[in-house]
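Chemist: One structure coming up, written as structure tokens, with questions to follow.
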Amino acid sequence: MQKPFAITLDVGSSLANHTGSWRTSRPVYLNRIPPCNHECPAGENIQAWLFHAESGNYEAAWRTLVEDNPFPAIMGRVCYHTCEGACNRGQLDAAVGINSVEHFLGDQAIAQGWKFAAPAAASGKKVLVVGAGPSGLSAAYHLARLGHAVTVYEAGPLPGGMMRFGIPQYRLPRQVLDDEVQRVVDLGVTIQYNTKVTDVLQTKQGGGFDAVFLAVGAHIAKRAYIPAGDSAHVLDAVSVLRSMEGEDKPLLGRKVVVYGGGNTAIDVARTAKRLGATESIIVYRRNREKMPAHDFEVEEALQEGVLIKWLSTIKQAGDASITVEKMALDDKGFPQPTGEFETLEADSVVLALGQDVDLSLIEKVPGLVVQDGVVQVNAQMMTGHAGIFAGGDMVPAERNVTVAIGHGKKAARNIDAWLQGKSYETPAKHSVATYDKLNTWYYSDAPKTVRPVLDIIRRQSTFEEVQGGLDETNALFEARRCLSCGNCFECDNCYGVCPDNAVIKLGPGKGFEFNYDYCKGCGICVSECPCGAIKMVPEEV
Amino acid sequence: MEQTQVKFYQTGTFTVGNRLLSAEQRSVQANVQRSNSLNSGHRACQGCGEALGARYAIDAAMAATKGQLIAANATGCLEVFSTPYPETSWQMPWIHSLFGNAAAVATGIAAAMKAKGRSDVRVVAQGGDGGTTDIGFGCLSGMFERNDDVLYICYDNEAYMNTGVQRSSATPPAARTATTMAIGEHPGNDFGQGKNVPQIAMAHEIPYVATATVADLRDLEYKVTKAMSIHGARYIHIFVPCPLGWGAASHDTIKLARLAVESGVFPVFEAEAGEVTGVAKIRRQVPVEDYLRPQKRFAHLFGKQPDVATLARLQARADRNIRRFGLLETNEVR
């Protein structure tokens with residue numbers, strides 16, 4: 001005992017004192033699902049690709065994006081970006097312009113000529129995809145990446161489905177569509193055009209296919225009975241938009257009436273305006289609040305001079321005029337006739353009342369169930385007939401490009417599992433990173449960057465793209481507005497704010513871990529984590 | 001404030017680090033090479049603001065002096081929780097003498113270094129508000145007056161926490177402590193008492209005086225670094241919430257410091273030779289109530305019958321700080 005008076009311990013470091021034993025609850029790192037990802041119908045990992053875009057690594061961002069969706073340039077133009085509606089930043093200042101960054105990445109990929117990674121080893125399985133629309137091409141892409149031999153049979157002469165024959169060029173330039181489809185073809189997907197499948201089972205057997213994905217869409221225009229004179233010019237929206245892709249543009253006249261209130265009605269009315277109509281009027285039986293078309297599209301149409309006649313139905317169509325009846329909404333919000341009539345001049349009437357599915361190819365398939373005009377599928381996207389899957393507009397769901405692309409991905413994963421005699425298990429989902437999980441103090445104030453919009457005169461006369469893209473500086477700025485909800489973005493806050501030096505920094509890209517020998521469980525790191533990527537859990541007693 | 005503000009990199013300079021910033025743009029604390037002067041295993045309470053403040057300040061001073069730093073410590077929480085002899089958390093030359101003489105001890109060390117010609121070795125003195133504003137005040141004033149080459153850092157948690165939360169001259173009005181109980185006609189600490197040591201330091205016209213909080217690391221590091229670039233007497237007063245003494249949740253330490261700044265309760269500024277040269281503007285102003293409510297030491301002001309008059313007086317104090325230091329961008333009090 002060579003120690004001074006009253007001293008019983010060796011001089012030493014406080015490291016001998018494991019203060020972690022004081023703890024009653026411990027912090028743990030976790031990944032929460034960001035609201036944008038949670039919302040995306042195509043299941044994109046938006047936060048993850050923005051993470052790469054933030055550091056200016058656009059190729060990595062694009063590669064992460066195409067893990068889920070092969071068409072970023074198309075998405076950046078036509079997706080209705082419900083992700084932005086869910087974005088937590090919307091509660092802080094304005095939602096991150098996810099769609100505009102996607103647009104930029106898609107264009108960047110085309111400009112730089114980025115290609116998809118080569119598929120996995122060939123599985124030896126053959127899959128038939130019927131229809132080269134968004135859903136069919138998405139499924140073909142994902143199946144090809146999983147190593148299956150994919151053949152797409154397309155009834156029409158060109159790929160794209162409704163992306164080509166439904167969405168006008170001013171929203172989606174055809175070169176962009178062609179470039180992104182070509183990339184899927186380059187992956188090894190075979191597309192046979194002008195090949196209409198009339199009996200799917202026969203085609204499956206004849207071609208020796210192991211599985212089939214049906215994605216024929218909904219291309220038959222719904223009709224409404226309107227008494228019309230012999231010389232009345234009544235058309236449907238689907239054929240009008242389709243003929244825009246051919247040599248002979250549709251002849252609509254100077255005064256065009258479009259009947260309906262969906263996005264297709266807006267597309268037709270804006271197309272008519274661009275074809276030279278002096279008056280392009282949408283007749284819709286309910287009011288603006290009840291209109292199914294998206295607000296921004298209605299707004300753009302109104303800016304271009306499209307007129308909308310609310311609360312009106314067409315009673316009769318003559319050769320140069322139509323009769324409309326005024327409607328009034330009842331207590332339940334349904335339009336009821338009022339008996340007041342009005343005459344509108346009209347050279348042509350275009351009906352945009354929705355579309356039905358052409359079901360002729362599946363008539364003879366046993367077990368397959370059709371209900372309300374659409375094909376019923378289970379949670380694995382499989383129809384009642386084993387090995388035949390379906391998606392896109394022909395199954396019950398919201399009908400838009402993003403949903404269709406999501407169906408294609410989901411079906412591909414399930415087809416892949418089914419071909420191996422397994423069933424695809426969706427990984428367990430994390431809880432959503434809601435706004436209250438964030439500490440928004442730490443985010444810089446940064447208003448949203450707005451994409452340039454084509455001026456009105458050119459929008460009324462040409463089919464040039466209405467919405468432009470961001471350039472690199474503002475795309476980067478926009479990406480960096482992402483709050484990274486629920487996922488660590490290595491801001492070092494936890495590492496800095498720990499009074500006990502109990503957070504270990506593992507280095508760039510590796511994140512952090514706790515040193516539970518010294519963590520007292522105060523919870524400061526949880527409170528001060530900007531993005532909600534840490535939580536406290538009670539210690540087991 | 002003069003320190004570089006980086007904007008629009010998701011978090012700009014608000015966070016400790018940021019993977020998108022270059023190494024020079026990050027804080028000292030973001031660096032794995034930080035000196036970690038106050039090591040793990042210390043016996044401070046969960047969520048201790050003083051431990052955090054000392055880590056921030058001393059690591060920054062160590063970085064600024066390339067590790068050539070000696071610290072003299074007054075008695076108080078920081079000394080007791082870091083160094084229960086023979087064990088210590090300090091990874092630097094460190095000395096503790098008495099409660100009231102830290103400034104004098106530091107002065108002596110600085111004089112010794114000067115005599116030895118060791119101009120590279122710098123000296124800091126540190127203590128709590130008790131050891132600074134009350135017990136060590138005479139020594140501190142002497143150090144200022146002689147312009148000794150010492151940086152004195154006061155970690156202000158507004159009472160004698162180590163001995164059981166007794167009132168100090170830094171305890172705010174209306175706060176409950178063991179010696180200013182929440183009883184009687186005017187519960188808690190009296191109005192019109194106490195002293196403002198940063199302003200007293202300014203009155204000595206020493207080269208540098210600054211205030212800071214644990215809620216703004218970048219500002220704190222900037223001030224410590226700047227102080228170490230100056231010779232002569234310097235004083236930094238750091239606001240460090242105390243979960244135990246204030247009756248607050250341990251995870252709210254930084255949040256409370258932030259609310260103190262955003263409400264105007266604690267003005268963050270710097271002054272050179274007695275003149276204010278910079279203030280940290282309030283970013284998102286909050287009423288004083290938001291700051292008071294999470295603390296049990298102010299619980300008697302709330303409840304079924306809130307003490308509206310006292311709350312108004314506390315708000316008026318904050319508003320006076322806002323006016324006096326021009327803490328709002330528009331310089332208007334709501």
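Following the order of the structure tokens, first chain is A, next is B, and so on, with residues numbered from 1 inside each chain and ligands from 1 in the order they appear.
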Apply DSSP to the backbone of this structure and, from region 40-268 of chain A, keep only the residues in helix (DSSP H, G or I); write these as an MDAnalysis selection string.

Modeler: chainID A and resid 46:54 58:65 72:78 82:86 88:91 98:112 134:145 162:165 174:186 200:207 237:243 263:268

Chemist: Taking only C-alpha atoms into account, find every residue of chain B that has an atom no more than 6 Å from chain A, and write it out as a count of residues only.

Modeler: 26

Chemist: Name the closest residue to Val181 (chain A) among the candidates A:Gly532, A:Pro134, A:Gly208, A:Gly113; distances are taken between atoms, counting only C-alpha atoms.

Modeler: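 Closest candidate: A:Pro134.
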
Chemist: May I ask which of the residues B:Val124, B:Leu151, B:Leu98, B:Leu301 is the closest one to Glu79 (chain B), counting only C-alpha atoms?

Modeler: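 Among B:Val124, B:Leu151, B:Leu98, B:Leu301, it is B:Leu98 that comes nearest to Glu79 (chain B).
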
Chemist: Excluding region 309-314 of chain B and any residue of its chain fewer than 6 positions from it, enumerate the residues within 8 Å of it, using only C-alpha atoms, and give them as a PyMOL selection string.

Modeler: chain B and resi 173-174+288-289+301

Chemist: Any idea what's packed within 10 Å of Pro70 (chain A), counting only C-alpha atoms, ignoring anything in its chain fewer than 5 positions away? Could you give it as a ChimeraX atom specification?

Modeler: /A:62-63,65,75,106,116,134,137-139,141-142,180-181,183-184,405,409

Chemist: Can those selected residues be exported to a file as an mmCIF file, in the first residue's frame so that it contains C-alpha atoms?

Modeler:
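And here is the file that came out, selection_19.cif:
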data_model
loop_
_atom_site.group_PDB
_atom_site.id
_atom_site.type_symbol
_atom_site.label_atom_id
_atom_site.label_comp_id
_atom_site.auth_asym_id
_atom_site.auth_seq_id
_atom_site.Cartn_x
_atom_site.Cartn_y
_atom_site.Cartn_z
ATOM 1 C CA TRP A 62 -30.724 7.971 -61.021
ATOM 2 C CA ARG A 63 -29.571 4.402 -60.393
ATOM 3 C CA LEU A 65 -34.446 5.781 -58.656
ATOM 4 C CA MET A 75 -42.429 10.523 -64.420
ATOM 5 C CA GLY A 106 -34.409 11.674 -66.149
ATOM 6 C CA PHE A 116 -29.412 0.068 -66.945
ATOM 7 C CA PRO A 134 -46.503 1.864 -68.584
ATOM 8 C CA LEU A 137 -43.085 -2.036 -69.799
ATOM 9 C CA SER A 138 -42.460 -1.616 -66.072
ATOM 10 C CA ALA A 139 -43.127 -5.329 -65.501
ATOM 11 C CA TYR A 141 -38.121 -4.105 -67.144
ATOM 12 C CA HIS A 142 -38.238 -5.566 -63.645
ATOM 13 C CA GLU A 180 -36.795 5.719 -72.092
ATOM 14 C CA VAL A 181 -38.518 2.794 -73.829
ATOM 15 C CA ARG A 183 -33.403 1.801 -72.706
ATOM 16 C CA VAL A 184 -35.753 -1.002 -71.602
ATOM 17 C CA ILE A 405 -45.779 1.472 -63.177
ATOM 18 C CA LYS A 409 -43.060 -3.658 -60.391
#

Chemist: Compare B:Ala280, B:Ala72, B:Ala44, B:Ala271 by their minimum atom-to-atom distance to Met161 (chain B), counting only C-alpha atoms, and give me the closest one.

Modeler: B:Ala44

Chemist: Of the residues B:Gln295, B:Thr163, B:Ser35, B:Gln285, which is the one nearest to Lys66 (chain B), using only C-alpha atoms?

Modeler: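 Result for the nearest residue to Lys66 (chain B): B:Ser35.
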
Chemist: What are the DSSP strand (DSSP E or B) residues of region 258-304 of chain B, as a ChimeraX atom specification?

Modeler: /B:269-272,275-279
